[in-house]
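Novice: Would you mind keeping the following structure in view while I ask a few things?
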Amino acid sequence: MKVVVASDHGGMNIRKEIIGLLEEMGIEHIDLGCECEAGSVDYPDFAFPAAEMVAKGEADKGILICGTGIGMSIAANKVKGIRCALVHDTFSAKATREHNDSNMLAMGERVIGPGLARDIARIWLMAEYEGGRHENRVGKIKTYEAE
Ligand code: RB5
């Protein structure tokens with residue numbers, strides 16, 4: 001599995017935590033930044049390239065972090081083929097993989113701490129899509145998107 005990771009200035013610390021987690025888990029990853037210690041950046045400039053990598057199959061999954069996770073998730077979900085879940089609890093982290101087949105995860109560094117963010121990311125990365133009854137529902141999203 002290859003995972004692309006990106007943040008704006010509001011998510012830099014948790015992005016570094018997540019990169020550490022991916023290294024511990026032995027998961028290949030691509031870090032798209034930001035390298036924005038000196039100032040603020042615009043989250044769409046990081047969400048779109050990461051989401052496009054997932055949509056094109058250049059990465060299997062993506063993890064995005066900003067202050068709230070909201071801007072990153074809104075931007076990523078504009079890219080065709082992306083199902084980005086904004087998650088701040090471990091129950092939803094598992095459920096969104098199992099039910100929604102989410103291919104990107106967004107979190108907010110001003111919302112949760114680094115320990116919970118690591119737990120959420122680990123659970124999300126390890127959980128599998130269940131298919132079955134969910135296939136019809138996810139399929140309707142794909143059909144709508146294709147129209
Ligand atoms: C940046 O100040 C902040 O707006 C951004 O990190 C994010 O929370 C947007 O949704």
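Chains: A, B, ... in order of the structure tokens. Residues: from 1 per chain. Ligands: from 1, in order shown.
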Please identify all protein, DNA and RNA residues within 10 Å of ligand 1, counting only C-alpha atoms and all ligand atoms, and report them as a VMD selection string.
Specialist: chain A and resid 7 to 12 40 to 44 65 to 75 107 to 111
Novice: Please produce a file of those selected residues containing N, CA, C and O atoms, as a CSV table (one decimal), in the first residue's frame.
Specialist:
```csv
chain,number,residue,atom,x,y,z
A,7,SER,N,-0.7,18.4,4.3
A,7,SER,CA,-1.4,19.3,5.3
A,7,SER,C,-1.1,20.7,4.8
A,7,SER,O,-0.3,21.0,4.0
A,8,ASP,N,-1.9,21.6,5.5
A,8,ASP,CA,-1.6,23.0,5.4
A,8,ASP,C,-0.8,23.3,6.7
A,8,ASP,O,-0.4,22.4,7.5
A,9,HIS,N,-0.6,24.6,6.9
A,9,HIS,CA,0.2,25.0,8.1
A,9,HIS,C,-0.6,24.6,9.4
A,9,HIS,O,0.0,24.4,10.4
A,10,GLY,N,-1.9,24.5,9.3
A,10,GLY,CA,-2.7,24.2,10.5
A,10,GLY,C,-2.6,22.7,10.9
A,10,GLY,O,-3.1,22.3,12.0
A,11,GLY,N,-2.0,21.9,10.0
A,11,GLY,CA,-2.0,20.5,10.2
A,11,GLY,C,-0.6,19.9,10.2
A,11,GLY,O,-0.5,18.6,10.2
A,12,MET,N,0.4,20.7,10.3
A,12,MET,CA,1.8,20.2,10.1
A,12,MET,C,2.2,19.2,11.2
A,12,MET,O,2.9,18.3,10.9
A,40,SER,N,1.5,30.9,6.4
A,40,SER,CA,0.3,30.1,6.0
A,40,SER,C,0.2,29.9,4.5
A,40,SER,O,0.8,30.6,3.7
A,41,VAL,N,-0.5,28.8,4.2
A,41,VAL,CA,-0.7,28.4,2.8
A,41,VAL,C,-2.2,28.1,2.7
A,41,VAL,O,-2.9,28.2,3.6
A,42,ASP,N,-2.6,27.8,1.4
A,42,ASP,CA,-4.0,27.6,1.1
A,42,ASP,C,-4.2,26.1,1.0
A,42,ASP,O,-3.6,25.4,0.1
A,43,TYR,N,-5.1,25.5,1.8
A,43,TYR,CA,-5.3,24.1,1.9
A,43,TYR,C,-5.7,23.4,0.5
A,43,TYR,O,-5.2,22.3,0.2
A,44,PRO,N,-6.4,24.1,-0.4
A,44,PRO,CA,-6.7,23.4,-1.7
A,44,PRO,C,-5.4,23.1,-2.5
A,44,PRO,O,-5.4,22.2,-3.3
A,65,ILE,N,-4.5,16.7,6.5
A,65,ILE,CA,-4.7,17.4,7.8
A,65,ILE,C,-4.7,18.9,7.6
A,65,ILE,O,-3.8,19.4,7.0
A,66,CYS,N,-5.7,19.6,8.2
A,66,CYS,CA,-5.6,21.0,8.3
A,66,CYS,C,-6.1,21.4,9.7
A,66,CYS,O,-6.1,20.5,10.6
A,67,GLY,N,-6.5,22.6,9.9
A,67,GLY,CA,-6.9,23.0,11.3
A,67,GLY,C,-8.1,22.3,11.7
A,67,GLY,O,-8.1,21.7,12.8
A,68,THR,N,-9.1,22.2,10.9
A,68,THR,CA,-10.4,21.5,11.2
A,68,THR,C,-10.5,20.2,10.4
A,68,THR,O,-11.4,19.4,10.8
A,69,GLY,N,-9.8,20.0,9.4
A,69,GLY,CA,-10.0,18.9,8.5
A,69,GLY,C,-11.1,19.2,7.4
A,69,GLY,O,-11.3,18.5,6.5
A,70,ILE,N,-11.9,20.2,7.7
A,70,ILE,CA,-13.1,20.5,6.9
A,70,ILE,C,-12.7,21.0,5.5
A,70,ILE,O,-13.2,20.5,4.4
A,71,GLY,N,-11.8,22.0,5.4
A,71,GLY,CA,-11.4,22.5,4.1
A,71,GLY,C,-10.8,21.4,3.2
A,71,GLY,O,-11.1,21.3,2.0
A,72,MET,N,-9.9,20.7,3.8
A,72,MET,CA,-9.2,19.6,3.1
A,72,MET,C,-10.2,18.6,2.6
A,72,MET,O,-10.1,18.1,1.4
A,73,SER,N,-11.2,18.2,3.4
A,73,SER,CA,-12.2,17.2,2.9
A,73,SER,C,-13.1,17.8,1.9
A,73,SER,O,-13.4,17.1,0.9
A,74,ILE,N,-13.5,19.0,2.0
A,74,ILE,CA,-14.3,19.6,0.9
A,74,ILE,C,-13.6,19.6,-0.4
A,74,ILE,O,-14.1,19.2,-1.4
A,75,ALA,N,-12.3,20.1,-0.3
A,75,ALA,CA,-11.5,20.2,-1.6
A,75,ALA,C,-11.3,18.8,-2.2
A,75,ALA,O,-11.5,18.6,-3.4
A,107,MET,N,-8.4,15.0,8.9
A,107,MET,CA,-8.5,15.2,10.3
A,107,MET,C,-8.1,16.7,10.6
A,107,MET,O,-7.4,17.3,9.8
A,108,GLY,N,-8.5,17.2,11.7
A,108,GLY,CA,-8.2,18.6,12.1
A,108,GLY,C,-7.3,18.6,13.3
A,108,GLY,O,-7.7,18.1,14.4
A,109,GLU,N,-6.2,19.3,13.1
A,109,GLU,CA,-5.2,19.4,14.2
A,109,GLU,C,-5.7,20.3,15.4
A,109,GLU,O,-5.3,20.1,16.5
A,110,ARG,N,-6.7,21.2,15.1
A,110,ARG,CA,-7.2,22.0,16.1
A,110,ARG,C,-8.4,21.4,16.8
A,110,ARG,O,-9.0,22.0,17.7
A,111,VAL,N,-8.7,20.2,16.4
A,111,VAL,CA,-9.9,19.5,16.9
A,111,VAL,C,-9.5,18.3,17.8
A,111,VAL,O,-10.1,18.1,18.9
```
Novice: How far is it from CA of Ala47 (chain A) to CA of Lys140 (chain A), in Å with one decimal?
Specialist: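 For CA of Ala47 (chain A) relative to CA of Lys140 (chain A), the distance reads 24.2 Å.
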Novice: What's the 9 Å shell around region 49-54 of chain A, counting only C-alpha atoms, without same-chain residues fewer than 2 positions away, as a ChimeraX atom specification?
Specialist: /A:3-6,32,44-47,56-64,75-82,84,103-104
Novice: Using only C-alpha atoms, I'd like a table of the residues in region 1-29 of chain A that come within 10 Å of region 112-116 of chain A; for each, show the closest atom pair and its distance in Å rounded to one decimal, ordered by chain and ascending number, as CSV.
Specialist:
```
residue,atom,partner,partner_atom,distance
A:Asn13,CA,A:Pro114,CA,8.0
A:Ile14,CA,A:Pro114,CA,5.8
A:Arg15,CA,A:Pro114,CA,9.2
A:Lys16,CA,A:Pro114,CA,9.5
A:Glu17,CA,A:Pro114,CA,6.7
A:Ile18,CA,A:Pro114,CA,8.6
```
Novice: Tell me, which residues of region 30-68 of chain A carry DSSP alpha helix (DSSP H), written as a compact mmCIF listing (two decimals) with N, CA, C and O atoms, in the first residue's frame?
Specialist:
```txt
# COMPACT_ATOMS: atom_id res chain seq x y z
N PRO A 44 -6.40 24.12 -0.39
CA PRO A 44 -6.70 23.44 -1.68
C PRO A 44 -5.44 23.13 -2.49
O PRO A 44 -5.41 22.16 -3.25
N ASP A 45 -4.39 23.95 -2.30
CA ASP A 45 -3.14 23.73 -3.06
C ASP A 45 -2.47 22.40 -2.65
O ASP A 45 -1.60 21.92 -3.37
N PHE A 46 -2.87 21.85 -1.53
CA PHE A 46 -2.31 20.57 -1.06
C PHE A 46 -3.32 19.44 -1.18
O PHE A 46 -2.96 18.30 -1.46
N ALA A 47 -4.60 19.77 -1.00
CA ALA A 47 -5.64 18.75 -1.10
C ALA A 47 -5.78 18.23 -2.54
O ALA A 47 -5.88 17.02 -2.76
N PHE A 48 -5.78 19.14 -3.52
CA PHE A 48 -6.01 18.71 -4.91
C PHE A 48 -4.90 17.79 -5.43
O PHE A 48 -5.20 16.72 -5.99
N PRO A 49 -3.62 18.15 -5.28
CA PRO A 49 -2.58 17.22 -5.79
C PRO A 49 -2.62 15.86 -5.10
O PRO A 49 -2.42 14.83 -5.75
N ALA A 50 -2.90 15.85 -3.79
CA ALA A 50 -2.96 14.56 -3.08
C ALA A 50 -4.15 13.75 -3.59
O ALA A 50 -4.03 12.54 -3.87
N ALA A 51 -5.30 14.40 -3.73
CA ALA A 51 -6.51 13.70 -4.19
C ALA A 51 -6.34 13.19 -5.62
O ALA A 51 -6.77 12.09 -5.97
N GLU A 52 -5.66 13.97 -6.45
CA GLU A 52 -5.44 13.54 -7.83
C GLU A 52 -4.53 12.31 -7.88
O GLU A 52 -4.72 11.43 -8.72
N MET A 53 -3.57 12.25 -6.98
CA MET A 53 -2.70 11.06 -6.94
C MET A 53 -3.52 9.81 -6.61
O MET A 53 -3.30 8.74 -7.20
N VAL A 54 -4.47 9.94 -5.69
CA VAL A 54 -5.30 8.79 -5.33
C VAL A 54 -6.24 8.47 -6.51
O VAL A 54 -6.39 7.30 -6.90
N ALA A 55 -6.85 9.50 -7.08
CA ALA A 55 -7.80 9.28 -8.19
C ALA A 55 -7.12 8.61 -9.39
O ALA A 55 -7.73 7.79 -10.07
```
